[in-house]
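What's in work22.cif: mmCIF, C-alpha atoms
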data_protein
#
loop_
_atom_site.label_atom_id
_atom_site.label_comp_id
_atom_site.auth_asym_id
_atom_site.auth_seq_id
_atom_site.Cartn_x
_atom_site.Cartn_y
_atom_site.Cartn_z
CA MET A 1 -36.81 -72.47 10.93
CA THR A 2 -34.24 -72.71 13.72
CA PRO A 3 -34.17 -69.56 15.88
CA THR A 4 -30.99 -67.49 15.80
CA GLU A 5 -29.46 -65.38 18.55
CA ARG A 6 -27.79 -61.97 18.59
CA ASP A 7 -26.50 -60.24 21.69
CA GLY A 8 -28.38 -62.75 23.84
CA VAL A 9 -31.71 -62.10 22.08
CA THR A 10 -33.44 -65.07 20.46
CA LEU A 11 -34.81 -64.11 17.03
CA THR A 12 -37.67 -66.10 15.55
CA HIS A 13 -39.74 -66.36 12.35
CA LEU A 14 -37.25 -64.19 10.50
CA ASP A 15 -38.35 -65.24 7.03
CA GLU A 16 -42.00 -64.30 7.49
CA PRO A 17 -43.31 -61.25 5.59
CA LEU A 18 -43.14 -58.20 7.83
CA PHE A 19 -46.66 -57.11 6.84
CA ASP A 20 -48.80 -56.89 3.73
CA GLU A 21 -47.19 -54.72 1.03
CA ALA A 22 -44.00 -54.42 3.05
CA GLY A 23 -41.90 -56.06 0.36
CA ALA A 24 -39.66 -57.11 3.24
CA THR A 25 -39.35 -59.83 5.83
CA LYS A 26 -38.90 -59.67 9.56
CA ARG A 27 -35.24 -60.53 8.90
CA ASP A 28 -34.93 -57.36 6.80
CA LEU A 29 -36.22 -55.33 9.74
CA VAL A 30 -33.87 -57.00 12.23
CA ASP A 31 -30.87 -56.71 9.91
CA TYR A 32 -31.63 -53.06 9.24
CA LEU A 33 -31.96 -52.08 12.89
CA ASP A 34 -28.81 -54.03 13.72
CA ALA A 35 -26.92 -52.23 10.96
CA VAL A 36 -27.97 -48.75 12.16
CA THR A 37 -27.85 -49.38 15.92
CA GLY A 38 -25.09 -46.83 16.36
CA LEU A 39 -27.16 -44.25 14.48
CA ILE A 40 -30.68 -44.79 15.80
CA VAL A 41 -29.94 -45.47 19.48
CA PRO A 42 -28.45 -42.00 20.18
CA GLY A 43 -31.80 -40.50 19.16
CA LEU A 44 -33.72 -42.95 21.38
CA ARG A 45 -31.47 -43.04 24.43
CA ASP A 46 -33.17 -42.04 27.71
CA ARG A 47 -36.36 -40.96 25.94
CA PRO A 48 -39.72 -42.58 26.81
CA LEU A 49 -40.53 -44.65 23.73
CA SER A 50 -43.76 -45.46 21.92
CA MET A 51 -43.66 -48.04 19.13
CA ILE A 52 -45.83 -49.17 16.26
CA ARG A 53 -45.88 -52.95 16.03
CA VAL A 54 -47.30 -55.12 13.27
CA ARG A 55 -48.32 -58.65 14.13
CA ALA A 56 -48.79 -61.10 11.28
CA GLY A 57 -52.24 -60.72 9.73
CA GLN A 58 -53.17 -57.73 11.90
CA GLN A 59 -53.30 -53.98 11.52
CA PRO A 60 -50.43 -51.93 12.97
CA PHE A 61 -50.97 -50.75 16.53
CA MET A 62 -49.26 -48.30 18.86
CA GLN A 63 -47.65 -49.74 21.99
CA LYS A 64 -46.63 -47.52 24.88
CA ASN A 65 -46.71 -49.84 27.90
CA VAL A 66 -43.84 -52.29 28.07
CA PRO A 67 -45.42 -55.79 28.10
CA ASP A 68 -45.17 -57.81 31.30
CA TYR A 69 -43.22 -60.53 29.49
CA ALA A 70 -40.40 -58.14 28.55
CA PRO A 71 -37.00 -59.19 29.94
CA PRO A 72 -35.95 -57.47 33.19
CA TRP A 73 -32.87 -55.89 31.60
CA ILE A 74 -35.00 -53.50 29.50
CA GLN A 75 -34.86 -50.11 31.18
CA THR A 76 -38.18 -48.38 31.77
CA VAL A 77 -39.65 -45.18 33.16
CA THR A 78 -43.19 -44.73 34.46
CA LEU A 79 -45.05 -41.54 33.56
CA TRP A 80 -48.57 -40.27 33.99
CA ALA A 81 -50.45 -40.18 30.66
CA GLU A 82 -52.96 -37.36 30.75
CA SER A 83 -54.78 -38.57 27.62
CA SER A 84 -55.57 -42.00 29.10
CA LYS A 85 -55.57 -40.90 32.76
CA ARG A 86 -53.21 -43.64 33.87
CA GLU A 87 -49.59 -44.41 34.51
CA VAL A 88 -47.66 -45.86 31.58
CA ARG A 89 -44.41 -47.82 31.80
CA TYR A 90 -42.37 -46.72 28.81
CA ALA A 91 -39.27 -48.44 27.50
CA LEU A 92 -35.93 -46.68 27.23
CA CYS A 93 -34.12 -48.10 24.20
CA ASN A 94 -30.55 -47.47 25.27
CA ASP A 95 -28.61 -50.31 23.65
CA ARG A 96 -28.42 -52.84 20.84
CA ARG A 97 -29.89 -55.70 22.87
CA THR A 98 -33.06 -53.72 23.66
CA LEU A 99 -33.43 -52.65 20.03
CA LEU A 100 -33.06 -56.24 18.83
CA TRP A 101 -35.62 -57.47 21.35
CA PHE A 102 -38.20 -54.98 20.12
CA ALA A 103 -37.36 -55.80 16.50
CA ASN A 104 -38.12 -59.45 17.32
CA GLN A 105 -41.48 -58.24 18.71
CA ARG A 106 -42.12 -56.74 15.23
CA ALA A 107 -41.78 -53.17 16.46
CA VAL A 108 -41.40 -51.36 13.15
CA GLU A 109 -41.68 -47.68 14.14
CA TYR A 110 -39.88 -45.93 17.01
CA HIS A 111 -41.40 -42.70 18.36
CA PRO A 112 -39.44 -41.11 21.23
CA THR A 113 -40.47 -38.05 23.19
CA LEU A 114 -38.79 -34.70 22.62
CA PHE A 115 -37.61 -34.72 26.24
CA LEU A 116 -35.30 -36.97 28.20
CA ALA A 117 -36.66 -39.09 31.05
CA GLY A 118 -36.71 -37.04 34.22
CA HIS A 119 -36.83 -33.74 32.32
CA MET A 120 -40.39 -33.58 30.98
CA ASP A 121 -40.45 -29.80 30.89
CA ARG A 122 -37.13 -29.41 29.07
CA PRO A 123 -37.52 -30.59 25.46
CA THR A 124 -34.22 -30.87 23.66
CA TYR A 125 -35.76 -29.97 20.29
CA LEU A 126 -38.58 -28.06 18.78
CA VAL A 127 -39.94 -29.83 15.71
CA MET A 128 -41.88 -28.71 12.67
CA ASP A 129 -43.75 -31.56 11.00
CA ILE A 130 -44.35 -30.65 7.36
CA ASP A 131 -46.93 -32.57 5.33
CA PRO A 132 -47.99 -31.98 1.74
CA PRO A 133 -51.74 -32.15 1.06
CA SER A 134 -53.41 -35.35 -0.08
CA GLY A 135 -52.11 -36.03 -3.56
CA GLY A 136 -49.42 -33.38 -3.13
CA GLU A 137 -45.84 -33.85 -4.23
CA PHE A 138 -42.87 -34.32 -1.92
CA SER A 139 -41.34 -31.28 -3.63
CA HIS A 140 -44.10 -29.18 -2.05
CA ALA A 141 -43.03 -30.32 1.42
CA VAL A 142 -39.42 -29.51 0.51
CA ALA A 143 -40.40 -26.00 -0.59
CA ALA A 144 -42.27 -25.47 2.69
CA ALA A 145 -39.31 -26.78 4.69
CA LYS A 146 -37.17 -24.12 3.05
CA LEU A 147 -39.64 -21.50 4.28
CA VAL A 148 -39.13 -22.81 7.80
CA ARG A 149 -35.37 -22.71 7.31
CA GLN A 150 -35.60 -19.07 6.20
CA ALA A 151 -37.84 -18.19 9.15
CA LEU A 152 -35.29 -19.77 11.47
CA ALA A 153 -32.40 -17.95 9.81
CA ASP A 154 -34.22 -14.64 10.20
CA LEU A 155 -34.28 -15.37 13.95
CA GLY A 156 -30.63 -16.40 14.13
CA LEU A 157 -31.61 -20.06 14.57
CA ALA A 158 -30.68 -23.18 12.62
CA GLY A 159 -32.10 -26.67 12.27
CA ALA A 160 -31.58 -29.97 10.52
CA VAL A 161 -34.00 -31.79 8.26
CA LYS A 162 -34.95 -35.41 7.71
CA THR A 163 -37.55 -37.24 5.68
CA SER A 164 -40.46 -38.27 7.85
CA GLY A 165 -40.44 -41.71 6.29
CA ALA A 166 -43.95 -40.97 5.05
CA LYS A 167 -44.60 -38.19 2.53
CA GLY A 168 -43.20 -35.17 4.34
CA VAL A 169 -40.23 -33.87 6.28
CA HIS A 170 -39.32 -32.97 9.85
CA VAL A 171 -37.26 -29.93 10.78
CA TYR A 172 -35.46 -30.30 14.14
CA VAL A 173 -34.09 -27.31 16.06
CA PRO A 174 -31.99 -28.13 19.14
CA ILE A 175 -32.97 -25.73 21.93
CA GLU A 176 -32.60 -24.76 25.57
CA ALA A 177 -36.11 -23.87 26.74
CA SER A 178 -39.07 -24.88 28.87
CA GLY A 179 -41.86 -26.93 27.34
CA ASP A 180 -44.29 -24.00 27.22
CA ASP A 181 -41.74 -21.67 25.65
CA ALA A 182 -40.69 -24.28 23.08
CA ALA A 183 -44.32 -24.86 22.09
CA ALA A 184 -44.90 -21.11 21.78
CA ALA A 185 -41.76 -20.61 19.70
CA THR A 186 -42.79 -23.45 17.37
CA ARG A 187 -46.12 -21.73 16.73
CA ALA A 188 -44.42 -18.41 16.05
CA ILE A 189 -41.92 -19.96 13.62
CA ALA A 190 -44.73 -21.73 11.77
CA VAL A 191 -46.68 -18.49 11.37
CA ARG A 192 -43.57 -16.66 10.19
CA ALA A 193 -42.88 -19.38 7.62
CA GLU A 194 -46.49 -19.26 6.45
CA ARG A 195 -46.23 -15.51 5.89
CA LEU A 196 -43.23 -16.01 3.60
CA ASP A 197 -45.43 -17.82 1.07
CA PRO A 198 -49.10 -18.06 2.12
CA ASP A 199 -50.00 -19.58 -1.25
CA LEU A 200 -47.82 -22.60 -0.47
CA ALA A 201 -47.99 -23.15 3.28
CA THR A 202 -50.63 -23.00 5.99
CA THR A 203 -50.83 -23.42 9.75
CA ALA A 204 -54.55 -24.30 9.59
CA PHE A 205 -55.07 -27.34 11.82
CA VAL A 206 -58.50 -28.22 10.40
CA LYS A 207 -57.98 -30.08 7.12
CA ASP A 208 -60.84 -28.52 5.19
CA GLU A 209 -59.38 -25.07 5.89
CA ARG A 210 -56.01 -25.82 4.28
CA GLU A 211 -57.09 -25.19 0.69
CA GLY A 212 -54.67 -27.74 -0.73
CA LYS A 213 -51.63 -26.15 0.89
CA VAL A 214 -48.72 -27.73 2.75
CA PHE A 215 -49.46 -28.03 6.48
CA LEU A 216 -46.90 -26.67 8.92
CA ASP A 217 -47.74 -28.69 12.02
CA SER A 218 -46.51 -26.83 15.09
CA THR A 219 -48.19 -29.12 17.63
CA ARG A 220 -45.24 -31.43 18.27
CA ALA A 221 -44.66 -30.26 21.81
CA HIS A 222 -44.84 -31.36 25.45
CA GLY A 223 -45.73 -35.08 25.47
CA ALA A 224 -45.88 -35.45 21.70
CA THR A 225 -43.65 -37.94 19.95
CA VAL A 226 -42.05 -37.94 16.50
CA ALA A 227 -40.73 -40.82 14.41
CA ALA A 228 -37.04 -41.07 15.29
CA VAL A 229 -34.33 -40.39 12.80
CA TYR A 230 -33.52 -43.74 11.09
CA SER A 231 -36.83 -45.23 12.27
CA PRO A 232 -38.56 -47.49 9.74
CA ARG A 233 -42.20 -46.73 8.97
CA ALA A 234 -45.00 -49.30 8.63
CA ARG A 235 -45.74 -48.38 5.03
CA PRO A 236 -45.35 -50.14 1.68
CA GLY A 237 -41.67 -50.75 1.03
CA VAL A 238 -40.80 -49.99 4.70
CA PRO A 239 -39.30 -46.53 4.15
CA VAL A 240 -36.99 -44.98 6.73
CA SER A 241 -36.92 -41.50 8.28
CA PHE A 242 -33.54 -40.36 7.00
CA PRO A 243 -31.43 -37.23 7.61
CA VAL A 244 -30.66 -35.24 4.47
CA PRO A 245 -28.39 -32.21 4.05
CA TRP A 246 -30.45 -29.14 3.18
CA ASP A 247 -28.68 -28.78 -0.15
CA ASP A 248 -29.63 -32.34 -1.16
CA LEU A 249 -33.37 -32.10 -0.44
CA ASP A 250 -34.32 -31.32 -4.03
CA ALA A 251 -32.51 -34.39 -5.32
CA ILE A 252 -34.16 -37.09 -3.19
CA THR A 253 -37.52 -38.76 -2.59
CA PRO A 254 -38.71 -40.57 0.55
CA ALA A 255 -38.70 -43.86 -1.36
CA ASP A 256 -34.92 -43.63 -1.74
CA PHE A 257 -34.52 -44.65 1.90
CA THR A 258 -35.81 -48.07 2.95
CA VAL A 259 -34.75 -50.86 5.30
CA ARG A 260 -33.17 -52.52 2.26
CA THR A 261 -31.28 -49.54 0.82
CA VAL A 262 -30.08 -47.61 3.87
CA PRO A 263 -27.58 -50.13 5.32
CA ALA A 264 -25.42 -49.86 2.20
CA MET A 265 -25.67 -46.06 2.33
CA VAL A 266 -24.29 -45.83 5.85
CA ALA A 267 -21.84 -48.75 5.70
CA GLY A 268 -18.29 -47.68 6.33
CA GLN A 269 -19.20 -44.12 7.30
CA LYS A 270 -18.11 -42.93 10.72
CA TRP A 271 -21.54 -41.81 11.83
CA ALA A 272 -22.01 -43.93 14.93
CA GLY A 273 -22.71 -41.80 17.96
CA GLN A 274 -22.77 -38.58 15.94
CA PRO A 275 -26.11 -36.74 15.90
CA TRP A 276 -27.40 -36.90 12.37
CA ALA A 277 -23.92 -37.18 10.87
CA GLY A 278 -23.03 -33.80 12.36
CA GLN A 279 -25.96 -31.96 10.78
CA LEU A 280 -27.61 -30.89 14.03
CA PRO A 281 -26.37 -27.60 15.49
CA GLU A 282 -25.68 -27.15 19.18
CA PRO A 283 -28.66 -26.29 21.44
CA GLN A 284 -29.82 -22.70 20.94
CA LYS A 285 -31.59 -20.22 23.20
CA LEU A 286 -34.97 -18.81 22.17
CA SER A 287 -35.37 -15.06 22.27
CA ALA A 288 -37.89 -13.59 24.69
CA ASP A 289 -39.56 -11.73 21.81
CA LEU A 290 -40.08 -14.95 19.82
CA VAL A 291 -41.52 -16.74 22.84
CA ALA A 292 -43.84 -13.82 23.64
CA GLU A 293 -44.97 -13.74 20.01
CA GLY A 294 -45.79 -17.44 20.16
CA HIS A 295 -47.76 -17.14 23.38
CA GLU A 296 -50.11 -14.75 21.58
CA ILE A 297 -50.87 -17.38 18.91
CA PRO A 298 -53.73 -19.78 19.76
CA ILE A 299 -52.79 -23.42 20.27
CA ALA A 300 -53.89 -25.17 17.08
CA ARG A 301 -55.47 -28.25 18.67
CA VAL A 302 -57.42 -26.16 21.19
CA GLN A 303 -58.54 -23.78 18.47
CA ALA A 304 -59.66 -26.72 16.31
CA MET A 305 -61.56 -28.24 19.24
CA HIS A 306 -63.47 -25.00 19.81
CA GLU A 307 -64.18 -24.72 16.09
CA GLY A 308 -65.52 -28.26 16.04
CA LYS A 309 -67.85 -27.50 18.92
CA ARG A 310 -69.00 -24.31 17.17
CA ARG A 311 -69.79 -26.22 14.00
CA LYS A 312 -71.77 -28.82 15.93
CA ARG A 313 -73.81 -26.12 17.61
CA ALA A 314 -74.45 -24.47 14.25
CA ALA A 315 -75.50 -27.77 12.71
CA ARG A 316 -77.92 -28.44 15.58
CA SER A 317 -79.49 -25.00 15.29
CA GLU A 318 -79.90 -25.41 11.54
CA GLY A 319 -81.44 -28.86 11.98
#

Whole structure, structure tokens version:
Amino acid sequence: MTPTERDGVTLTHLDEPLFDEAGATKRDLVDYLDAVTGLIVPGLRDRPLSMIRVRAGQQPFMQKNVPDYAPPWIQTVTLWAESSKREVRYALCNDRRTLLWFANQRAVEYHPTLFLAGHMDRPTYLVMDIDPPSGGEFSHAVAAAKLVRQALADLGLAGAVKTSGAKGVHVYVPIEASGDDAAAATRAIAVRAERLDPDLATTAFVKDEREGKVFLDSTRAHGATVAAVYSPRARPGVPVSFPVPWDDLDAITPADFTVRTVPAMVAGQKWAGQPWAGQLPEPQKLSADLVAEGHEIPIARVQAMHEGKRRKRAARSEG
């Protein structure tokens, strides 16, 4: 097929399947991202970006480093990655041309940081990632999200909600806080939500301790990333992480929002440039009491690491 061009970006192999079970072509991905450029780019702008790409016939893989063959007009920022002990050159997806170039590279998922480049210790959001248990219903995640909403309201805070594009939801709370304080507050809010209905929700990081409950993941902090609002996901049907008014959560399913269905939903609506169609509140300050409460709660990943080491020691002694 003859390549086509948009905004100076040459697009190739558009009629190839995006990936197995996608039910969509590369053209569907490109057309989708082009249609929602004005909606997705505001959530990506100036944020170091990780992407999940899917090459034909291969498994999806996470890409953080911008490839050497990327065009020089793609903006980047270089940061130290503690996990890999090296510097990583991240892309900043600040315009349509950059988004189209990555779409042509079969970048399906877009995972920005919670902070803006140059402000690593000032996250603009705290995020609660809410996942139902294996085999659990989406309605369970919705019920748990409402617990988080109530916990926020009890603190005088407010957030917006979106489907994760997988099987759960993300609650975003715009904040003014340091990274450590935001992480602590997220832990405290998760524990408060868990207390509202401990039969439904849990903050247990270790899976076999969750007892079939919905997991309130409070670990999205510091250098963590989250699938961007309007980001496609590399899953069957290519669902999209989509913002939903709180009052509509009970009436939707994640499968309602895909790269094929969303363009018609947003067509003609004056959402471009508006954060989540006006659903996100203005940045909010975190109370000193909430932050102090959170600092007393163990960090879930660290706690899980220590528990894993304890179990290994116990297994060795029993053996």

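Across the model, the gap from CA of Tyr230 in chain A to CA of Glu87 in chain A is 28.4 Å.
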
Decode the PyMOL selection byres ((chain A and resi 215-223) around 9) for the given file into explicit residues and return them as a ChimeraX atom specification.
/A:81,113-115,120-123,126-133,141,144-145,148,179-180,182-184,186-191,193-194,200-205,207,210,212-214,224-226,299-301

Using Å and a single decimal, report how far CA of Gly43 in chain A sits from CA of Phe61 in chain A.
21.9 Å

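When the PyMOL selection byres ((chain A and resi 94-106) around 6) is evaluated against the file, it yields Asp7, Leu11, Val30, Arg45, Arg53, Val54, Leu92, Cys93, Ala107 and Val108 of chain A.
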
Contacts of Pro112 in chain A at 8 Å or less, counting all atoms listed in the file, minus same-chain residues fewer than 3 places along, as a ChimeraX atom specification?
/A:43-44,47-50,225-228

Could you write out as an MDAnalysis selection string the residues that the PyMOL selection byres ((chain A and resi 171-174) around 10) matches in the shown file?
chainID A and resid 123:130 145:146 148:149 152 157:164 169:170 175:177 186 243 280:285

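Using only C-alpha atoms, the nearest neighbour of Val259 in chain A within the list A:Ala234, A:Phe138, A:Pro67, A:Ala117 is A:Ala234.
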
Which polymer residues have any atom within 6 Å of an atom of range 12-29 of chain A, counting only C-alpha atoms, with same-chain residues fewer than 5 positions away left out, as a ChimeraX atom specification?
/A:3,236-238

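For the atom pair formed by CA of Thr78 in chain A and CA of Ile52 in chain A, the distance is 18.9 Å, given to one decimal.
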
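The nearest approach to Pro60 in chain A among the residues A:Val244, A:Ala292, A:Gln150, A:Glu109, with only C-alpha atoms taken into account, belongs to A:Glu109.
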
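Considering the residues A:His295, A:Lys64, A:His111, A:Arg192 and counting only C-alpha atoms, Tyr90 in chain A has its shortest atom-to-atom contact with A:Lys64.
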
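You can rank A:Asp250, A:Arg89, A:Val206, A:Lys167 by their closest distance to Ala70 in chain A using only C-alpha atoms, and at the top of that list sits A:Arg89.
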
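Candidate residues A:Lys85, A:Gln58, A:Leu39, A:Tyr32 were compared for distance to Gly278 in chain A, and the nearest is A:Leu39, using all atoms listed in the file.
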
Would you mind listing what lies within 7 Å of Leu147 in chain A as an MDAnalysis selection string, with all atoms listed in the file counted and same-chain residues fewer than 4 positions away left out?
chainID A and resid 143 151 193 196

Taking only C-alpha atoms into account, which of A:Ala153, A:Pro232, A:His140, A:Asp208 comes nearest Tyr110 in chain A?
A:Pro232

For range 204-311 of chain A in the structure I just supplied, write out C-alpha atoms - as a PDB file, in the first residue's frame.
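Listing of selection-v6.pdb after writing:
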ATOM      1  CA  ALA A 204      -3.173  -5.726  50.932  1.00  0.00           C
ATOM      2  CA  PHE A 205      -0.363  -5.579  48.372  1.00  0.00           C
ATOM      3  CA  VAL A 206       0.313  -9.330  48.394  1.00  0.00           C
ATOM      4  CA  LYS A 207      -2.300 -11.011  46.186  1.00  0.00           C
ATOM      5  CA  ASP A 208      -2.865 -14.080  48.326  1.00  0.00           C
ATOM      6  CA  GLU A 209      -3.764 -11.818  51.255  1.00  0.00           C
ATOM      7  CA  ARG A 210      -6.601 -10.038  49.444  1.00  0.00           C
ATOM      8  CA  GLU A 211      -9.238 -12.712  50.046  1.00  0.00           C
ATOM      9  CA  GLY A 212     -11.055 -11.978  46.793  1.00  0.00           C
ATOM     10  CA  LYS A 213     -11.525  -8.292  47.579  1.00  0.00           C
ATOM     11  CA  VAL A 214     -11.025  -5.226  45.398  1.00  0.00           C
ATOM     12  CA  PHE A 215      -7.455  -3.921  45.645  1.00  0.00           C
ATOM     13  CA  LEU A 216      -6.951  -0.242  46.422  1.00  0.00           C
ATOM     14  CA  ASP A 217      -3.472   0.302  45.002  1.00  0.00           C
ATOM     15  CA  SER A 218      -1.902   3.310  46.690  1.00  0.00           C
ATOM     16  CA  THR A 219       1.576   2.815  45.197  1.00  0.00           C
ATOM     17  CA  ARG A 220       1.183   5.132  42.200  1.00  0.00           C
ATOM     18  CA  ALA A 221       3.628   7.715  43.457  1.00  0.00           C
ATOM     19  CA  HIS A 222       7.032   9.282  42.775  1.00  0.00           C
ATOM     20  CA  GLY A 223       8.313   7.814  39.478  1.00  0.00           C
ATOM     21  CA  ALA A 224       5.289   5.613  38.843  1.00  0.00           C
ATOM     22  CA  THR A 225       3.270   6.031  35.677  1.00  0.00           C
ATOM     23  CA  VAL A 226      -0.419   5.518  34.928  1.00  0.00           C
ATOM     24  CA  ALA A 227      -2.182   4.924  31.625  1.00  0.00           C
ATOM     25  CA  ALA A 228      -3.194   8.379  30.405  1.00  0.00           C
ATOM     26  CA  VAL A 229      -6.772   9.434  30.061  1.00  0.00           C
ATOM     27  CA  TYR A 230      -7.868   8.528  26.489  1.00  0.00           C
ATOM     28  CA  SER A 231      -4.923   6.125  26.114  1.00  0.00           C
ATOM     29  CA  PRO A 232      -5.704   2.908  24.236  1.00  0.00           C
ATOM     30  CA  ARG A 233      -4.745  -0.349  25.936  1.00  0.00           C
ATOM     31  CA  ALA A 234      -3.089  -3.351  24.258  1.00  0.00           C
ATOM     32  CA  ARG A 235      -5.963  -5.686  25.035  1.00  0.00           C
ATOM     33  CA  PRO A 236      -8.593  -7.489  22.957  1.00  0.00           C
ATOM     34  CA  GLY A 237     -10.802  -4.924  21.265  1.00  0.00           C
ATOM     35  CA  VAL A 238      -8.307  -2.110  22.061  1.00  0.00           C
ATOM     36  CA  PRO A 239     -10.272  -0.478  24.887  1.00  0.00           C
ATOM     37  CA  VAL A 240      -9.567   3.102  25.922  1.00  0.00           C
ATOM     38  CA  SER A 241      -9.066   4.678  29.353  1.00  0.00           C
ATOM     39  CA  PHE A 242     -12.053   7.013  29.367  1.00  0.00           C
ATOM     40  CA  PRO A 243     -13.272   9.701  31.807  1.00  0.00           C
ATOM     41  CA  VAL A 244     -16.740   9.068  33.208  1.00  0.00           C
ATOM     42  CA  PRO A 245     -18.870  11.321  35.416  1.00  0.00           C
ATOM     43  CA  TRP A 246     -19.286   9.771  38.861  1.00  0.00           C
ATOM     44  CA  ASP A 247     -23.035   9.544  38.410  1.00  0.00           C
ATOM     45  CA  ASP A 248     -22.634   7.506  35.207  1.00  0.00           C
ATOM     46  CA  LEU A 249     -20.249   4.862  36.561  1.00  0.00           C
ATOM     47  CA  ASP A 250     -22.989   2.323  37.271  1.00  0.00           C
ATOM     48  CA  ALA A 251     -24.273   2.522  33.712  1.00  0.00           C
ATOM     49  CA  ILE A 252     -21.069   1.752  31.789  1.00  0.00           C
ATOM     50  CA  THR A 253     -18.557  -1.031  31.209  1.00  0.00           C
ATOM     51  CA  PRO A 254     -14.921  -0.707  30.096  1.00  0.00           C
ATOM     52  CA  ALA A 255     -15.808  -2.372  26.792  1.00  0.00           C
ATOM     53  CA  ASP A 256     -18.026   0.589  25.888  1.00  0.00           C
ATOM     54  CA  PHE A 257     -14.921   2.648  25.120  1.00  0.00           C
ATOM     55  CA  THR A 258     -12.644   1.461  22.316  1.00  0.00           C
ATOM     56  CA  VAL A 259     -10.566   3.021  19.546  1.00  0.00           C
ATOM     57  CA  ARG A 260     -13.527   2.378  17.251  1.00  0.00           C
ATOM     58  CA  THR A 261     -16.328   3.767  19.433  1.00  0.00           C
ATOM     59  CA  VAL A 262     -14.774   6.760  21.194  1.00  0.00           C
ATOM     60  CA  PRO A 263     -14.213   9.087  18.188  1.00  0.00           C
ATOM     61  CA  ALA A 264     -17.966   9.267  17.566  1.00  0.00           C
ATOM     62  CA  MET A 265     -18.576   9.884  21.272  1.00  0.00           C
ATOM     63  CA  VAL A 266     -16.333  12.935  21.404  1.00  0.00           C
ATOM     64  CA  ALA A 267     -17.001  14.294  17.904  1.00  0.00           C
ATOM     65  CA  GLY A 268     -18.449  17.770  17.959  1.00  0.00           C
ATOM     66  CA  GLN A 269     -17.972  18.239  21.697  1.00  0.00           C
ATOM     67  CA  LYS A 270     -15.887  21.192  22.814  1.00  0.00           C
ATOM     68  CA  TRP A 271     -13.522  19.172  24.964  1.00  0.00           C
ATOM     69  CA  ALA A 272     -10.212  20.007  23.340  1.00  0.00           C
ATOM     70  CA  GLY A 273      -7.787  21.461  25.836  1.00  0.00           C
ATOM     71  CA  GLN A 274     -10.172  20.983  28.750  1.00  0.00           C
ATOM     72  CA  PRO A 275      -8.984  18.576  31.455  1.00  0.00           C
ATOM     73  CA  TRP A 276     -11.301  15.612  31.366  1.00  0.00           C
ATOM     74  CA  ALA A 277     -14.197  17.629  29.977  1.00  0.00           C
ATOM     75  CA  GLY A 278     -14.128  19.824  33.077  1.00  0.00           C
ATOM     76  CA  GLN A 279     -14.443  16.942  35.535  1.00  0.00           C
ATOM     77  CA  LEU A 280     -11.129  17.515  37.313  1.00  0.00           C
ATOM     78  CA  PRO A 281     -11.239  19.970  40.217  1.00  0.00           C
ATOM     79  CA  GLU A 282      -8.565  22.586  40.770  1.00  0.00           C
ATOM     80  CA  PRO A 283      -5.393  21.496  42.640  1.00  0.00           C
ATOM     81  CA  GLN A 284      -6.041  20.990  46.351  1.00  0.00           C
ATOM     82  CA  LYS A 285      -3.815  21.227  49.417  1.00  0.00           C
ATOM     83  CA  LEU A 286      -3.351  18.180  51.644  1.00  0.00           C
ATOM     84  CA  SER A 287      -3.903  18.648  55.344  1.00  0.00           C
ATOM     85  CA  ALA A 288      -0.957  18.153  57.678  1.00  0.00           C
ATOM     86  CA  ASP A 289      -2.990  15.621  59.682  1.00  0.00           C
ATOM     87  CA  LEU A 290      -3.694  13.496  56.588  1.00  0.00           C
ATOM     88  CA  VAL A 291      -0.044  13.546  55.551  1.00  0.00           C
ATOM     89  CA  ALA A 292       1.113  12.647  59.066  1.00  0.00           C
ATOM     90  CA  GLU A 293      -1.412   9.807  59.155  1.00  0.00           C
ATOM     91  CA  GLY A 294      -0.063   8.471  55.880  1.00  0.00           C
ATOM     92  CA  HIS A 295       3.551   8.615  57.005  1.00  0.00           C
ATOM     93  CA  GLU A 296       2.643   6.201  59.802  1.00  0.00           C
ATOM     94  CA  ILE A 297       1.350   3.629  57.281  1.00  0.00           C
ATOM     95  CA  PRO A 298       3.998   1.246  55.875  1.00  0.00           C
ATOM     96  CA  ILE A 299       4.780   1.563  52.180  1.00  0.00           C
ATOM     97  CA  ALA A 300       3.019  -1.377  50.554  1.00  0.00           C
ATOM     98  CA  ARG A 301       5.815  -2.456  48.207  1.00  0.00           C
ATOM     99  CA  VAL A 302       8.432  -2.312  50.968  1.00  0.00           C
ATOM    100  CA  GLN A 303       6.159  -4.198  53.332  1.00  0.00           C
ATOM    101  CA  ALA A 304       5.536  -6.850  50.658  1.00  0.00           C
ATOM    102  CA  MET A 305       9.272  -7.176  50.001  1.00  0.00           C
ATOM    103  CA  HIS A 306       9.963  -7.795  53.690  1.00  0.00           C
ATOM    104  CA  GLU A 307       7.111 -10.293  53.847  1.00  0.00           C
ATOM    105  CA  GLY A 308       8.514 -12.132  50.845  1.00  0.00           C
ATOM    106  CA  LYS A 309      11.913 -12.375  52.487  1.00  0.00           C
ATOM    107  CA  ARG A 310      10.289 -13.609  55.708  1.00  0.00           C
ATOM    108  CA  ARG A 311       8.428 -16.330  53.840  1.00  0.00           C
TER     109      ARG A 311
END
